[in-house]
Amino acid sequence: MSRKVDIKKLIKGCQRRLQKLKEQQAIMGLNTPPHILTEIEDIEAEIEELQKELKELEKDEPNYSIIWSELRKGRVVPFLGSGASFDHELVHCLADKIEFSSDVPCDRDDLAQVASYCVAEEDRSILLSCLCEEVFKRGSQVGKIHYFLADLVDLVDVPLLITTNYDDLIEHAFKLKSKPFHLVMHPTDSKDWPDFALWWKSDADKPEYYKLNEFPPWLEDTNTIIYKMHGGVDPQTKKCNNCVITNCVITEEDHVKFLACMTRQSAIPVPVSFRLHRRRFLFLGYGLYDWNLRVLLKYLKAKPISSKVETASNEIHMSTSEDLRSWAIQDHPSKLEKTFWGAYQVKLYDRKIDDFVDKMRTRML
C-alpha cells in the first residue's frame with residue numbers, strides 16, 4: 001500500500017471522528033466539555049498536516065516517462081539497497097542471534113556495528129556463518145523489483161546492475177527468467193582483495209581472478225554485469241546446498257578498508273568504474289543514515305578515473321555523473337535523508353518499490 005493511500009485512509013478516519021465530535025458539540029452547545037473541544041482542535045490540525053503531506057506527494061510524482069527513456073538509452077545503472085531485500089531486517093536478526101545488547105537502542109539498527117561486535121566477541125567465521133544462515137535459510141523470496149530488472153534486459157540495454165545486498169535474489173531472478181549475466185565480487189576475505197576481483201562468466205561454476213585494472217573490456221558483450229559491491233554468497237557453494245559467504249564488506253573495519261581503497265581509485269574494476277561514471281543512477285531501497293553509504297555516493301558522483309577501455313561512439317561525449325540527475329526510490333525517508341539526497345543531486349521520491357515497479361511496467365507494454 002502506497003503512502004498516498006495510507007494518508008487518504010487516515011484523513012477519512014479523522015473526518016469521521018471529527019464529524020461525531022461536532023455533532024456532540026452541536027447538541028451540548030456551550031456545555032460542551034473541554035476535552036471534546038480540545039480533541040476537535042487536535043483532529044483538525046492533524047487533518048491539515050495530512051492534507052499538506054498528501055498534496056506534496058501528489059505534486060512530487062516520479063517522471064516515469066523520463067526514467068524509462070533514459071533506461072532505453074542504456075544510460076541508467078540500477079542500484080539495489082537493503083530496502084529491496086531481506087537485508088533491511090538482517091541487522092536485528094543478527095543482533096538477536098549473537099545476543100547483542102546496548103544501552104543505546106539505535107545501536108541495534110547499525111549492521112556494521114553489530115557485525116564488528118560479533119567479530120570482537122567471537123570471530124569472523126562465526127559472523128559469516130550467522131550471516132549465511134540468516135540470509136539464505138529464512139526463505140527470502142524473489143520480489144517484484146528483481147523480476148522487473150530481469151525482464152528489463154529483453155527491452156533495454158542494462159550494461160550494469162549494482163547491489164550492496166548479500167543475498168542472491170537478483171541472480172536467482174535472472175536464472176528463473178533464463179537471462180545470462182556476469183557476476184563480479186571482491187575476494188574480501190583474501191589479503192590481496194584490494195587489487196583483485198572475482199569474475200563469474202555467464203553460467204560459470206568457478207570464478208576467474210583479475211587485477212582491477214586488467215579486466216577485459218565488456219563493451220561488446222550484451223550480458224548484464226551484476227556487480228555485488230559488498231560481496232555475497234559463493235555461487236558454487238550455493239549449488240551444493242552448502243552456501244558459504246566468504247566475501248563481504250560488513251563490519252565497520254571492512255567499510256573503512258573498502259572506502260580507503262576507493263579514495264585511491266583502486267576498489268572498483270576499471271570497466272565497471274568507467275560505466276558507473278558515464279550514467280545516471282536509479283537507487284532502489286537505499287537510505288542515507290549510514291555514513292559509509294554517503295561516502296560511497298560521493299565517490300560514485302565524482303569524475304571517472306582514467307581508463308584504457310575503448311568506448312562506443314555514443315558514449316564518448318556523454319557527461320560525467322556529476323552533471324547528470326539521478327533518482328532514488330525510498331519508502332518513508334526521513335527529513336535528514338531528504339537533505340542528504342538533495343546534496344548529491346539525487347531526486348528522491350517517497351514511494352514503495354513495488355508501487356514504483358508497477359508504474360514502470362506500464363511503460364514496458
# chains A, B, ... in the order shown; residues from 1 in each chain; ligands from 1
$ residues_around --residues "A:Leu348" --least-positions-apart "2" --cutoff "10 Å" --atoms "only C-alpha atoms" --output "ChimeraX atom specification"
/A:60,62,283,326-330,333,337-342,345-346,350-351
$ select_by_dssp --residues "stretch 3-238 of chain A" --states "alpha helix (DSSP H)" --output "VMD selection string"
chain A and resid 3 to 28 34 to 59 64 to 72 87 to 97 111 to 121 124 to 136 144 to 152 169 to 176 235 to 238
$ residues_around --residues "stretch 179-183 of chain A" --least-positions-apart "6" --cutoff "6 Å" --atoms "only C-alpha atoms" --output "JSON, numbers by chain"
{"A": [199, 200, 201, 202, 223, 224, 225, 226]}
$ residues_around --residues "A:Leu212" --least-positions-apart "4" --cutoff "6 Å" --atoms "only C-alpha atoms" --output "ChimeraX atom specification"
/A:195-196,269
$ closest_atom_pairs --of "stretch 142-220 of chain A" --to "stretch 79-99 of chain A" --cutoff "7 Å" --atoms "only C-alpha atoms" --output "tab-separated table"
residue	atom	partner	partner_atom	distance
A:Leu161	CA	A:Phe79	CA	6.3
A:Ile162	CA	A:Phe79	CA	4.8
A:Thr163	CA	A:Leu80	CA	4.6
A:Thr164	CA	A:Gly81	CA	6.0
A:Asn165	CA	A:Ser82	CA	6.1
$ residues_around --residues "stretch 104-114 of chain A" --least-positions-apart "2" --cutoff "6 Å" --atoms "only C-alpha atoms" --output "PyMOL selection string"
chain A and resi 91+102+116-117+250-252
$ write_last_selection --atoms "N, CA, C and O atoms" --output "PDB file, in the first residue's frame"
ATOM      1  N   VAL A  91      20.038  -6.873  10.283  1.00  0.00           N
ATOM      2  CA  VAL A  91      20.744  -6.398  11.475  1.00  0.00           C
ATOM      3  C   VAL A  91      20.062  -6.855  12.755  1.00  0.00           C
ATOM      4  O   VAL A  91      20.726  -7.265  13.710  1.00  0.00           O
ATOM      5  N   SER A 102      22.681  -3.254  24.025  1.00  0.00           N
ATOM      6  CA  SER A 102      23.332  -1.960  24.179  1.00  0.00           C
ATOM      7  C   SER A 102      22.430  -1.031  24.959  1.00  0.00           C
ATOM      8  O   SER A 102      21.199  -1.173  24.937  1.00  0.00           O
ATOM      9  N   SER A 116      30.744  -5.834  13.730  1.00  0.00           N
ATOM     10  CA  SER A 116      32.041  -5.630  14.369  1.00  0.00           C
ATOM     11  C   SER A 116      32.042  -6.194  15.785  1.00  0.00           C
ATOM     12  O   SER A 116      33.040  -6.777  16.241  1.00  0.00           O
ATOM     13  N   TYR A 117      30.922  -6.026  16.470  1.00  0.00           N
ATOM     14  CA  TYR A 117      30.798  -6.571  17.824  1.00  0.00           C
ATOM     15  C   TYR A 117      30.915  -8.099  17.791  1.00  0.00           C
ATOM     16  O   TYR A 117      31.588  -8.704  18.632  1.00  0.00           O
ATOM     17  N   ILE A 250      31.151  -5.929   5.604  1.00  0.00           N
ATOM     18  CA  ILE A 250      30.038  -5.860   6.549  1.00  0.00           C
ATOM     19  C   ILE A 250      30.397  -5.177   7.860  1.00  0.00           C
ATOM     20  O   ILE A 250      29.589  -4.429   8.396  1.00  0.00           O
ATOM     21  N   THR A 251      31.602  -5.386   8.385  1.00  0.00           N
ATOM     22  CA  THR A 251      31.974  -4.747   9.651  1.00  0.00           C
ATOM     23  C   THR A 251      32.397  -3.301   9.396  1.00  0.00           C
ATOM     24  O   THR A 251      32.635  -2.893   8.249  1.00  0.00           O
ATOM     25  N   GLU A 252      32.504  -2.540  10.465  1.00  0.00           N
ATOM     26  CA  GLU A 252      32.977  -1.161  10.330  1.00  0.00           C
ATOM     27  C   GLU A 252      34.378  -1.142   9.730  1.00  0.00           C
ATOM     28  O   GLU A 252      34.693  -0.290   8.899  1.00  0.00           O
TER      29      GLU A 252
END
$ residues_around --residues "A:Leu259" --least-positions-apart "5" --cutoff "12 Å" --atoms "only C-alpha atoms" --output "VMD selection string"
chain A and resid 194 229 to 230 249 252 to 254 264 to 268 291 to 300
$ closest_residue --among "A:Leu169, A:Val119, A:Tyr349, A:Ser129" --to "A:Glu56" --atoms "only C-alpha atoms"
A:Tyr349
$ closest_residue --among "A:Ile7, A:Pro187, A:Cys130, A:Thr38" --to "A:Lys52" --atoms "only C-alpha atoms"
A:Ile7
$ closest_residue --among "A:Ile145, A:Leu155, A:Leu282, A:Met28" --to "A:Lys352" --atoms "only C-alpha atoms"
A:Ile145
$ residues_around --residues "A:Leu149" --least-positions-apart "3" --cutoff "9 Å" --atoms "only C-alpha atoms" --output "number ranges by chain"
A: 78, 144-146, 152-153, 158, 161, 170, 173-174
$ atom_distance --atom1 "atom CA of A:Gly232" --atom2 "atom CA of A:Leu288"
21.2 Å
